[in-house]
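See below for work.cif, which holds mmCIF, C-alpha atoms.
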```cif
data_input
loop_
_atom_site.label_atom_id
_atom_site.label_comp_id
_atom_site.auth_asym_id
_atom_site.auth_seq_id
_atom_site.Cartn_x
_atom_site.Cartn_y
_atom_site.Cartn_z
CA MET W 1 81.86 174.94 -35.18
CA LYS W 2 81.49 171.18 -35.44
CA ILE W 3 84.30 168.65 -35.12
CA SER W 4 83.89 165.43 -37.06
CA LYS W 5 83.93 161.95 -35.57
CA ASN W 6 87.01 161.16 -37.66
CA THR W 7 88.92 164.10 -36.23
CA ILE W 8 87.95 163.23 -32.66
CA SER W 9 89.01 159.61 -33.29
CA ILE W 10 92.35 160.83 -34.61
CA PHE W 11 92.81 163.14 -31.61
CA ARG W 12 92.16 160.11 -29.39
CA ASN W 13 94.73 158.13 -31.34
CA PHE W 14 97.23 160.99 -31.05
CA SER W 15 96.81 160.97 -27.28
CA ALA W 16 98.52 157.55 -27.33
CA ILE W 17 101.53 159.13 -29.07
CA HIS W 18 101.84 162.18 -26.82
CA GLU W 19 99.72 163.44 -23.94
CA SER W 20 99.58 166.95 -25.40
CA LEU W 21 98.43 168.47 -28.69
CA VAL W 22 99.40 171.61 -30.58
CA VAL W 23 97.28 172.94 -33.43
CA ASP W 24 98.48 175.70 -35.76
CA SER W 25 95.87 177.57 -37.75
CA GLY W 26 95.76 176.57 -41.41
CA SER W 27 98.28 173.78 -41.02
CA SER W 28 98.43 170.01 -40.68
CA ILE W 29 98.31 168.68 -37.13
CA VAL W 30 101.49 166.93 -35.99
CA SER W 31 102.00 164.67 -32.98
CA ILE W 32 105.41 163.32 -32.01
CA SER W 33 106.27 160.84 -29.27
CA LYS W 34 108.57 161.80 -26.40
CA GLU W 35 111.13 159.31 -27.74
CA ARG W 36 110.91 161.03 -31.18
CA ASN W 37 110.39 157.63 -32.85
CA ILE W 38 106.72 158.01 -33.85
CA ILE W 39 105.38 160.99 -35.79
CA ALA W 40 101.79 161.37 -36.98
CA VAL W 41 100.47 164.01 -39.40
CA TYR W 42 96.79 164.74 -40.11
CA ASP W 43 95.08 167.22 -42.42
CA PRO W 44 91.76 167.98 -40.73
CA PRO W 45 88.72 169.13 -42.70
CA GLU W 46 88.01 171.66 -39.94
CA GLU W 47 89.53 175.14 -39.95
CA PHE W 48 90.98 175.31 -36.44
CA PRO W 49 92.51 178.39 -34.81
CA ASP W 50 95.84 178.16 -32.96
CA PHE W 51 95.61 176.34 -29.64
CA GLY W 52 97.45 173.99 -27.30
CA ILE W 53 96.07 171.26 -25.05
CA PHE W 54 98.28 169.92 -22.27
CA ARG W 55 96.21 166.85 -21.39
CA LEU W 56 94.53 165.68 -24.57
CA SER W 57 92.87 162.67 -22.94
CA GLU W 58 91.25 165.02 -20.40
CA PHE W 59 89.84 167.21 -23.18
CA LEU W 60 88.50 164.16 -25.03
CA SER W 61 86.89 162.80 -21.87
CA GLY W 62 85.04 166.09 -21.53
CA VAL W 63 83.84 165.88 -25.14
CA SER W 64 82.67 162.29 -24.56
CA LEU W 65 80.08 163.49 -22.04
CA PHE W 66 77.93 164.60 -24.94
CA LYS W 67 76.58 163.32 -28.26
CA LEU W 68 79.19 164.63 -30.67
CA ASP W 69 76.78 165.37 -33.53
CA ASP W 70 74.99 167.90 -31.32
CA VAL W 71 78.06 169.57 -29.80
CA ASP W 72 79.20 173.06 -30.78
CA PHE W 73 82.82 174.07 -30.20
CA ILE W 74 83.17 177.82 -29.69
CA PHE W 75 86.86 178.74 -29.86
CA LYS W 76 88.17 181.79 -28.02
CA ASP W 77 91.75 183.05 -27.63
CA LYS W 78 92.36 181.29 -24.31
CA PHE W 79 89.75 178.54 -24.19
CA VAL W 80 87.11 176.59 -26.06
CA GLN W 81 83.50 176.33 -24.96
CA ILE W 82 82.11 172.85 -25.55
CA LYS W 83 78.36 173.45 -25.76
CA TYR W 84 75.65 170.79 -25.73
CA GLU W 85 71.98 171.77 -25.28
CA ASN W 86 71.88 173.50 -21.86
CA ASN W 87 75.27 172.06 -20.81
CA SER W 88 78.70 173.48 -21.47
CA ILE W 89 82.36 172.98 -20.61
CA LYS W 90 84.96 175.75 -20.61
CA TYR W 91 88.26 174.08 -21.46
CA VAL W 92 91.29 176.31 -21.00
CA PHE W 93 94.18 176.11 -23.48
CA THR W 94 97.86 175.81 -22.60
CA ASP W 95 100.54 178.12 -23.94
CA LYS W 96 102.01 176.18 -26.87
CA ASP W 97 105.55 177.06 -25.78
CA LEU W 98 104.99 175.05 -22.61
CA ILE W 99 104.23 171.83 -24.47
CA GLU W 100 107.25 169.57 -24.55
CA TYR W 101 107.53 168.49 -28.17
CA VAL W 102 106.89 171.83 -29.91
CA ASP W 103 110.55 172.60 -30.61
CA ALA W 104 111.11 169.14 -32.11
CA VAL W 105 108.38 169.44 -34.75
CA LYS W 106 109.41 170.28 -38.29
CA PRO W 107 107.04 171.87 -40.83
CA PRO W 108 104.39 169.26 -41.76
CA GLU W 109 105.36 169.46 -45.43
CA LYS W 110 108.76 167.92 -44.62
CA TYR W 111 107.06 164.83 -43.19
CA LYS W 112 104.41 164.57 -45.89
CA GLY W 113 106.83 165.24 -48.73
CA PHE W 114 109.53 162.76 -47.73
CA ASP W 115 109.75 160.16 -50.49
CA LYS W 116 113.19 158.53 -50.27
CA PHE W 117 111.90 155.00 -49.79
CA ASN W 118 113.26 151.69 -51.05
CA SER W 119 109.95 149.81 -51.26
CA THR W 120 106.17 150.02 -50.93
CA PHE W 121 103.34 147.58 -50.25
CA GLU W 122 99.73 147.46 -49.06
CA LEU W 123 98.66 146.27 -45.62
CA SER W 124 95.05 145.65 -44.61
CA GLU W 125 93.43 146.60 -41.32
CA ASP W 126 92.83 142.90 -40.57
CA ASP W 127 96.50 142.02 -41.03
CA ILE W 128 97.62 144.92 -38.84
CA GLN W 129 95.25 143.83 -36.07
CA ARG W 130 96.46 140.22 -36.32
CA ILE W 131 100.07 141.37 -36.10
CA LYS W 132 99.32 143.32 -32.93
CA LYS W 133 97.19 140.59 -31.37
CA SER W 134 99.71 137.85 -32.15
CA ALA W 135 102.30 139.61 -29.99
CA GLY W 136 99.97 139.43 -27.00
CA ILE W 137 99.05 135.80 -27.67
CA LEU W 138 102.41 134.25 -28.55
CA PHE W 139 104.74 136.15 -26.25
CA THR W 140 102.83 136.48 -22.97
CA GLY W 141 105.66 134.89 -20.97
CA SER W 142 108.52 136.69 -22.68
CA SER W 143 110.63 139.15 -20.71
CA PHE W 144 111.83 140.75 -23.95
CA LYS W 145 110.18 143.15 -26.30
CA THR W 146 108.59 141.79 -29.46
CA ASP W 147 109.86 142.82 -32.87
CA VAL W 148 108.13 143.25 -36.19
CA GLU W 149 110.56 142.36 -38.97
CA ILE W 150 109.71 143.24 -42.57
CA VAL W 151 111.91 141.64 -45.22
CA SER W 152 111.27 141.17 -48.93
CA LYS W 153 113.27 140.59 -52.09
CA ASP W 154 112.29 140.45 -55.75
CA GLY W 155 108.70 141.49 -55.03
CA SER W 156 107.75 139.09 -52.26
CA GLY W 157 108.45 138.81 -48.55
CA THR W 158 107.07 138.52 -45.04
CA ILE W 159 106.15 140.57 -42.03
CA LYS W 160 107.21 138.50 -39.03
CA VAL W 161 106.44 139.00 -35.34
CA GLN W 162 109.09 137.40 -33.13
CA ASP W 163 111.10 137.69 -29.92
CA GLU W 164 113.86 140.20 -30.57
CA ASP W 165 116.58 138.04 -28.97
CA ASP W 166 115.42 134.48 -29.63
CA ILE W 167 115.20 133.29 -33.22
CA MET W 168 113.82 129.96 -31.93
CA SER W 169 110.83 131.62 -30.29
CA ASN W 170 107.21 131.55 -31.45
CA ASN W 171 106.49 133.74 -34.46
CA PHE W 172 103.63 135.01 -36.61
CA SER W 173 104.03 135.98 -40.26
CA VAL W 174 102.13 137.71 -43.05
CA ASN W 175 103.13 137.27 -46.69
CA ILE W 176 103.39 140.47 -48.70
CA GLU W 177 104.02 141.59 -52.26
CA THR W 178 106.22 144.65 -52.61
CA GLU W 179 107.61 147.06 -55.12
CA GLY W 180 111.30 147.15 -54.22
CA ASP W 181 113.15 145.32 -51.46
CA CYS W 182 112.37 145.73 -47.73
CA ASN W 183 114.53 145.35 -44.66
CA ILE W 184 113.45 146.96 -41.38
CA THR W 185 112.76 145.93 -37.78
CA PHE W 186 110.81 147.84 -35.13
CA ASN W 187 108.97 147.14 -31.91
CA VAL W 188 105.36 145.95 -32.17
CA ASP W 189 104.34 148.57 -29.58
CA TYR W 190 104.95 151.24 -32.23
CA LEU W 191 101.93 150.02 -34.23
CA ILE W 192 99.48 152.46 -32.69
CA MET W 193 97.91 153.73 -35.90
CA LEU W 194 94.22 154.47 -36.27
CA ARG W 195 92.36 151.43 -37.59
CA GLY W 196 92.18 151.17 -41.38
CA ASP W 197 93.98 149.93 -44.48
CA TYR W 198 97.40 151.45 -45.19
CA SER W 199 99.93 151.99 -47.96
CA VAL W 200 103.32 151.27 -46.44
CA SER W 201 106.71 152.63 -47.54
CA VAL W 202 110.08 151.51 -46.17
CA LEU W 203 113.45 153.24 -46.05
CA ASN W 204 115.59 150.24 -45.23
CA LYS W 205 116.70 150.04 -41.58
CA LYS W 206 115.76 153.68 -40.99
CA LEU W 207 112.09 154.57 -41.43
CA ILE W 208 108.66 153.15 -42.20
CA LYS W 209 105.69 155.23 -43.34
CA PHE W 210 102.04 154.22 -42.96
CA ALA W 211 99.62 156.25 -45.10
CA HIS W 212 95.92 155.73 -44.33
CA LYS W 213 94.00 154.71 -47.45
CA THR W 214 90.87 156.81 -46.83
CA LEU W 215 91.98 159.63 -44.52
CA PRO W 216 94.68 162.32 -44.94
CA LEU W 217 96.72 160.71 -42.16
CA ILE W 218 100.29 159.39 -42.08
CA TYR W 219 102.60 157.87 -39.48
CA LEU W 220 106.40 157.80 -39.61
CA ILE W 221 108.04 155.18 -37.40
CA SER W 222 111.74 154.77 -36.67
CA PRO W 223 113.09 151.27 -35.96
CA ARG W 224 114.18 149.99 -32.57
CA VAL W 225 117.58 151.32 -31.50
CA ASN W 226 119.88 148.59 -30.17
#
```
What is this file in structure tokens?
Amino acid sequence: MKISKNTISIFRNFSAIHESLVVDSGSSIVSISKERNIIAVYDPPEEFPDFGIFRLSEFLSGVSLFKLDDVDFIFKDKFVQIKYENNSIKYVFTDKDLIEYVDAVKPPEKYKGFDKFNSTFELSEDDIQRIKKSAGILFTGSSFKTDVEIVSKDGSGTIKVQDEDDIMSNNFSVNIETEGDCNITFNVDYLIMLRGDYSVSVLNKKLIKFAHKTLPLIYLISPRVN
């Protein structure tokens, strides 16, 4: 079978959330961080069998040896053969029960179907990248972690990047228009989504959802715990 460039890109993104990956046949793919504060859910176009990968970055490095368009993935019970012309890799799967986060994952439908949000708004890829880059530019000498604060009322508000413990510090802001009122704060390091434009939903002080505009991909992020 073939695996699309989008799916490989999402696997690579998921490797930043957790080092391992579990795939259940016929189901959405879920990744959850060790801290349980970032959850990602993807509906792949491929029909994968059940498998587990302990070191996802290692698997992806093996795939990167070849031109993806010309690679065939031959899935067996215990391994996948990654075949390219006269080259091949045998990559052995890991028992899914040995992967750390498996017991913490709920059925994907619970994540995708959650809709108890206070507000929604749109956020472009450019704005997301500026938010992330501003943290590296404006807070290089800070010993504290950098917060993203989203606040709006009566349909308008701001996304502000600032030092979590110093209201007089540098800051960067993006003006937004919302449906409903927003109030949530989380660490900028949690913004590890795949590049793209997103629809954003906020459950005040508890949860923020990023839904990719062109791919069946969502992220659920919990705020920083004081």
Kindly indicate which residue among W:Phe139, W:Tyr84, W:Tyr111, W:Phe54 lies nearest to Phe172 (chain W), using only C-alpha atoms for the distances. W:Phe139
Enumerate, as a VMD selection string, the protein, DNA and RNA residues whose atoms approach (104.4, 160.8, -41.2) to within 10 Å, taking into account all atoms listed in the file and the coordinate frame of the file. chain W and resid 30 to 32 38 to 42 108 to 114 207 to 211 217 to 221
Expected file contents, prior selection, C-alpha atoms, as a short mmCIF file (atom, residue, chain, number, x, y, z; two decimals), keeping the file's coordinate frame:
```cif
data_model
loop_
_atom_site.label_atom_id
_atom_site.label_comp_id
_atom_site.auth_asym_id
_atom_site.auth_seq_id
_atom_site.Cartn_x
_atom_site.Cartn_y
_atom_site.Cartn_z
CA VAL W 30 101.49 166.93 -35.99
CA SER W 31 102.00 164.67 -32.98
CA ILE W 32 105.41 163.32 -32.01
CA ILE W 38 106.72 158.01 -33.85
CA ILE W 39 105.38 160.99 -35.79
CA ALA W 40 101.79 161.37 -36.98
CA VAL W 41 100.47 164.01 -39.40
CA TYR W 42 96.79 164.74 -40.11
CA PRO W 108 104.39 169.26 -41.76
CA GLU W 109 105.36 169.46 -45.43
CA LYS W 110 108.76 167.92 -44.62
CA TYR W 111 107.06 164.83 -43.19
CA LYS W 112 104.41 164.57 -45.89
CA GLY W 113 106.83 165.24 -48.73
CA PHE W 114 109.53 162.76 -47.73
CA LEU W 207 112.09 154.57 -41.43
CA ILE W 208 108.66 153.15 -42.20
CA LYS W 209 105.69 155.23 -43.34
CA PHE W 210 102.04 154.22 -42.96
CA ALA W 211 99.62 156.25 -45.10
CA LEU W 217 96.72 160.71 -42.16
CA ILE W 218 100.29 159.39 -42.08
CA TYR W 219 102.60 157.87 -39.48
CA LEU W 220 106.40 157.80 -39.61
CA ILE W 221 108.04 155.18 -37.40
#
```
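Evaluated on this file, the PyMOL selection byres ((chain W and resi 76) around 10) matches Pro49, Asp50, Phe51, Phe73, Ile74, Phe75, Asp77, Lys78, Phe79, Val80, Gln81, Val92 and Phe93 of chain W.
The space between CA of Ser173 (chain W) and CA of Ser201 (chain W) spans 18.4 Å.
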Taking 2 positions as the minimum chain separation for residues in the same chain, which residues sit within 10 Å of Leu60 (chain W) when counting all atoms listed in the file? Answer as JSON, numbers by chain. {"W": [8, 9, 11, 12, 15, 55, 56, 57, 58, 62, 63, 64, 65]}
Go ahead and save the residues from that selection, with C-alpha atoms, as a CSV table (one decimal), in the coordinates of the input.
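Done, and the output landed in result_9.csv:
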```
chain,number,residue,atom,x,y,z
W,8,ILE,CA,88.0,163.2,-32.7
W,9,SER,CA,89.0,159.6,-33.3
W,11,PHE,CA,92.8,163.1,-31.6
W,12,ARG,CA,92.2,160.1,-29.4
W,15,SER,CA,96.8,161.0,-27.3
W,55,ARG,CA,96.2,166.8,-21.4
W,56,LEU,CA,94.5,165.7,-24.6
W,57,SER,CA,92.9,162.7,-22.9
W,58,GLU,CA,91.2,165.0,-20.4
W,62,GLY,CA,85.0,166.1,-21.5
W,63,VAL,CA,83.8,165.9,-25.1
W,64,SER,CA,82.7,162.3,-24.6
W,65,LEU,CA,80.1,163.5,-22.0
```
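Residues in contact with Asn118 (chain W) at 6 Å, where only C-alpha atoms are counted and same-chain residues fewer than 2 positions away are skipped, are listed as Gly180, Val202 and Leu203 of chain W.
For the choices W:Glu46, W:Val200, W:Tyr91, W:Glu177, the atom-to-atom distance to Ser25 (chain W) is smallest for W:Glu46 when using all atoms listed in the file.
Rounded to one decimal, CA of Ser20 (chain W) and CA of Ala135 (chain W) lie 27.9 Å from each other.
Put simply, CA of Asp97 (chain W) is 26.5 Å away from CA of Pro216 (chain W).
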Residue by residue, what does the PyMOL selection byres ((chain W and resi 160) around 9) grab here? Present the result as JSON, numbers by chain. {"W": [131, 147, 148, 149, 150, 151, 158, 159, 161, 162, 171, 172, 173, 174, 175]}
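Remark: for Ile29 (chain W), the closest of the candidate residues W:Ile192, W:Asp163, W:Lys106, W:Ser88 is W:Lys106 (distances computed over all atoms listed in the file).
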Would you fill the gaps in region 191-205 of chain W so it has N, CA and C atoms, then print it as an mmCIF file, keeping the file's coordinate frame?
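Written out: rebuild-v7.cif:
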```cif
data_model
loop_
_atom_site.group_PDB
_atom_site.id
_atom_site.type_symbol
_atom_site.label_atom_id
_atom_site.label_comp_id
_atom_site.auth_asym_id
_atom_site.auth_seq_id
_atom_site.Cartn_x
_atom_site.Cartn_y
_atom_site.Cartn_z
ATOM 1 N N LEU W 191 103.084 150.110 -33.317
ATOM 2 C CA LEU W 191 101.930 150.020 -34.230
ATOM 3 C C LEU W 191 100.672 150.546 -33.523
ATOM 4 N N ILE W 192 100.605 151.845 -33.404
ATOM 5 C CA ILE W 192 99.480 152.460 -32.690
ATOM 6 C C ILE W 192 98.615 153.293 -33.637
ATOM 7 N N MET W 193 98.658 152.951 -34.912
ATOM 8 C CA MET W 193 97.910 153.730 -35.900
ATOM 9 C C MET W 193 96.402 153.580 -35.700
ATOM 10 N N LEU W 194 95.679 154.567 -36.185
ATOM 11 C CA LEU W 194 94.220 154.470 -36.270
ATOM 12 C C LEU W 194 93.861 153.272 -37.142
ATOM 13 N N ARG W 195 92.776 152.596 -36.808
ATOM 14 C CA ARG W 195 92.360 151.430 -37.590
ATOM 15 C C ARG W 195 92.093 151.833 -39.045
ATOM 16 N N GLY W 196 92.399 150.919 -39.967
ATOM 17 C CA GLY W 196 92.180 151.170 -41.380
ATOM 18 C C GLY W 196 93.199 150.427 -42.226
ATOM 19 N N ASP W 197 93.015 150.485 -43.535
ATOM 20 C CA ASP W 197 93.980 149.930 -44.480
ATOM 21 C C ASP W 197 95.046 150.986 -44.775
ATOM 22 N N TYR W 198 96.282 150.523 -45.020
ATOM 23 C CA TYR W 198 97.400 151.450 -45.190
ATOM 24 C C TYR W 198 98.261 151.096 -46.401
ATOM 25 N N SER W 199 98.806 152.138 -47.037
ATOM 26 C CA SER W 199 99.930 151.990 -47.960
ATOM 27 C C SER W 199 101.192 152.203 -47.137
ATOM 28 N N VAL W 200 102.128 151.266 -47.281
ATOM 29 C CA VAL W 200 103.320 151.270 -46.440
ATOM 30 C C VAL W 200 104.553 151.491 -47.309
ATOM 31 N N SER W 201 105.455 152.366 -46.848
ATOM 32 C CA SER W 201 106.710 152.630 -47.540
ATOM 33 C C SER W 201 107.863 152.446 -46.558
ATOM 34 N N VAL W 202 108.949 151.838 -47.035
ATOM 35 C CA VAL W 202 110.080 151.510 -46.170
ATOM 36 C C VAL W 202 111.362 152.137 -46.697
ATOM 37 N N LEU W 203 112.073 152.849 -45.825
ATOM 38 C CA LEU W 203 113.450 153.240 -46.050
ATOM 39 C C LEU W 203 114.290 152.273 -45.225
ATOM 40 N N ASN W 204 114.984 151.394 -45.886
ATOM 41 C CA ASN W 204 115.590 150.240 -45.230
ATOM 42 C C ASN W 204 116.394 150.605 -43.979
ATOM 43 N N LYS W 205 116.033 149.934 -42.877
ATOM 44 C CA LYS W 205 116.700 150.040 -41.580
ATOM 45 C C LYS W 205 116.583 151.405 -40.924
#
```
